Amino acid sequence: MRLDILTLFPDLFASFLEESILGRAIKKGLVDIRLISIREFAKGPHKVTDDRPFGGGDGMVMKAGPIYRALESVERERDQTLVILLTPQGRGFDQPTAWELSKREHLILICGRYEGIDERVRTGCVDMELSIGDYVLSGGELAAMVVADAVTRLVPGVLGGERSNLEDSFEDGLLEYPHYTRPRVFRDQEVPGILLSGDHEKIRVWRRTESLRRTLERRPDLLRRAKLSEEDKRILERLEQESAKSETGS
């Protein structure tokens with residue numbers, strides 16, 4: 001997979017692209033990430049990339065010209081390249097979207113700054129708009145890192161274990177179960193005995209139960225669209241009954 005990231009601040013990505021799983025994936029040639037400095041495509045001696053908005057108002061707006069020229073410098077195949085604008089107005093980024101994007105051979109991410117970008121960039125060359133949440137950031141660089149990390153870890157071979165990404169939170173619509181490692185007792189907190197039992201079926205049921213419990217307690221909204229088996233539904237019914245009893249004190 002190839003990702004081209006258009007940004008005014010390419011240096012922000014230095015450590016991100018060198019460390020951890022993504023850094024190893026790049027070294028192995030599984031992922032190719034290229035940084036394109038929008039400022040290099042601005043005209044004039046001062047390389048100005050922003051200007052005051054027509055109609056007045058506070059702040060500055062990124063000019064269309066440098067972004068268009070930066071995009072035009074990127075080699076791409078029409079059917080396989082997707083141009084994405086990181087913007088608070090975009091579609092919410094989630095795990096199904098990450099899987100959808102991971103099937104593409106080439107993504108181009110545009111990082112906005114200031115009050116936003118000239119609307120003619122969005123209408124003229126953007127295929128998809130993405131938002132990573134309902135809050136304000138200084139620019140699209142952090143959002144681009146989130147999207148790049150979530151998508152590239154789904155590329156075959158990037159993660160060590162075949163099931164690593166399938167067992168993560170949100171993969172089946174639920175939050176992940178608790179994890180424990182050595183030592184067995186840490187500051188008077190002991191690992192649940194069932195995880196030490198060696199009974200794989202009991203461990204599986206415990207993990208599924210805890211996954212459902214966490215989702216019910218912390219993100220019940222996820223249950224409405226999760227793919228639940230008949231076993232899951234029985235476990236949830238029991239958990240809801242336990243919760244009701246706890247609230248009534250009976």
# chains A, B, ... in the order shown; residues from 1 in each chain; ligands from 1

$ residues_around --residues "Leu17 of chain A" --least-positions-apart "5" --cutoff "10 Å" --atoms "only C-alpha atoms" --output "PyMOL selection string"
chain A and resi 12+22-27+33-34+145+148-149

$ residues_around --residues "Ala42 of chain A" --least-positions-apart "3" --cutoff "10 Å" --atoms "only C-alpha atoms" --output "list in words"
Ser37, Ile38, Arg39, Pro45, His46, Lys47, Val48, Thr49, Asp50, Lys63, Ala64, Gly65, Pro66, Ile67, Arg69 and Ala70 of chain A

$ write_last_selection --atoms "C-alpha atoms" --output "compact mmCIF listing (two decimals), in the first residue's frame"
# COMPACT_ATOMS: atom_id res chain seq x y z
CA SER A 37 5.22 19.62 1.41
CA ILE A 38 2.43 21.86 0.14
CA ARG A 39 4.64 24.90 0.71
CA PRO A 45 9.66 34.20 -3.00
CA HIS A 46 7.83 33.83 0.30
CA LYS A 47 5.97 30.61 -0.61
CA VAL A 48 2.66 31.88 0.80
CA THR A 49 0.07 29.11 1.17
CA ASP A 50 -2.78 31.02 2.85
CA LYS A 63 -5.10 28.63 -0.99
CA ALA A 64 -6.30 26.20 -3.66
CA GLY A 65 -3.33 26.62 -6.01
CA PRO A 66 -0.55 25.07 -3.91
CA ILE A 67 -2.75 22.12 -2.94
CA ARG A 69 -0.21 21.60 -7.74
CA ALA A 70 0.92 19.31 -4.93

$ atom_distance --atom1 "atom CA of Ile5 of chain A" --atom2 "atom CA of Gly59 of chain A"
23.8 Å

$ select_by_dssp --residues "segment 97-191 of chain A" --states "helix (DSSP H, G or I)" --output "list in words"
Thr97, Ala98, Trp99, Glu100, Leu101, Ser102, Glu119, Arg120, Val121, Arg122, Thr123, Gly124, Cys125, Glu141, Leu142, Ala143, Ala144, Met145, Val146, Val147, Ala148, Asp149, Ala150, Val151, Thr152, Asn165, Leu166 and Glu167 of chain A

$ write_last_selection --atoms "C-alpha atoms" --output "tab-separated table (two decimals), in the first residue's frame"
chain	number	residue	atom	x	y	z
A	97	THR	CA	-13.87	2.55	7.19
A	98	ALA	CA	-10.31	1.54	8.05
A	99	TRP	CA	-10.93	-1.89	6.50
A	100	GLU	CA	-12.50	-0.25	3.45
A	101	LEU	CA	-9.46	1.97	2.93
A	102	SER	CA	-7.00	-0.88	3.54
A	119	GLU	CA	-13.72	25.10	-1.01
A	120	ARG	CA	-12.63	24.50	-4.59
A	121	VAL	CA	-10.18	21.89	-3.39
A	122	ARG	CA	-13.00	19.90	-1.80
A	123	THR	CA	-15.34	20.20	-4.81
A	124	GLY	CA	-12.65	19.78	-7.45
A	125	CYS	CA	-10.42	16.91	-6.38
A	141	GLU	CA	-1.64	16.14	10.61
A	142	LEU	CA	-2.70	14.29	13.77
A	143	ALA	CA	-5.80	13.04	11.99
A	144	ALA	CA	-3.65	11.82	9.10
A	145	MET	CA	-1.47	9.89	11.54
A	146	VAL	CA	-4.54	8.26	13.08
A	147	VAL	CA	-5.90	7.22	9.69
A	148	ALA	CA	-2.49	6.02	8.46
A	149	ASP	CA	-1.90	3.93	11.58
A	150	ALA	CA	-5.38	2.38	11.66
A	151	VAL	CA	-5.35	1.53	7.94
A	152	THR	CA	-1.79	0.28	7.46
A	165	ASN	CA	-6.18	-7.14	14.28
A	166	LEU	CA	-9.28	-9.36	14.41
A	167	GLU	CA	-9.25	-9.42	18.21

$ select_by_dssp --residues "segment 58-178 of chain A" --states "strand (DSSP E or B)" --output "PyMOL selection string"
chain A and resi 61-62+81-92+106-111+113+117+128-131+139

$ residues_around --residues "Pro88 of chain A" --least-positions-apart "6" --cutoff "8 Å" --atoms "only C-alpha atoms" --output "CSV table (one decimal) with N, CA and C atoms, in the first residue's frame"
chain,number,residue,atom,x,y,z
A,130,LEU,N,-12.9,12.8,5.8
A,130,LEU,CA,-12.9,12.0,7.0
A,130,LEU,C,-12.7,12.9,8.2
A,131,SER,N,-13.4,12.6,9.3
A,131,SER,CA,-13.2,13.2,10.6
A,131,SER,C,-12.9,12.2,11.6
A,132,ILE,N,-11.9,12.4,12.5
A,132,ILE,CA,-11.6,11.4,13.5
A,132,ILE,C,-12.3,11.8,14.8
A,133,GLY,N,-13.2,12.8,14.9
A,133,GLY,CA,-13.9,13.1,16.1
A,133,GLY,C,-14.5,14.5,16.1
A,134,ASP,N,-15.4,14.7,17.0
A,134,ASP,CA,-16.1,16.0,17.1
A,134,ASP,C,-15.3,16.9,18.1
A,135,TYR,N,-14.2,17.3,17.6
A,135,TYR,CA,-13.4,18.3,18.4
A,135,TYR,C,-12.4,19.0,17.4
A,136,VAL,N,-11.8,20.1,17.9
A,136,VAL,CA,-11.0,20.9,17.1
A,136,VAL,C,-9.5,20.7,17.3

$ closest_atom_pairs --of "segment 96-198 of chain A" --to "segment 221-238 of chain A" --cutoff "8 Å" --atoms "only C-alpha atoms" --output "tab-separated table"
residue	atom	partner	partner_atom	distance
A:Asp172	CA	A:Ala226	CA	6.5
A:Gly173	CA	A:Ala226	CA	4.6
A:Leu174	CA	A:Leu222	CA	6.5

$ closest_residue --among "A:Lys103, A:Arg204, A:Arg91, A:Arg187" --to "Leu154 of chain A" --atoms "only C-alpha atoms"
A:Lys103

$ closest_residue --among "A:Asp51, A:Ile108, A:Lys28, A:Glu40" --to "Leu6 of chain A" --atoms "only C-alpha atoms"
A:Ile108

$ atom_distance --atom1 "atom CA of Thr215 of chain A" --atom2 "atom CA of Glu240 of chain A"
11.8 Å
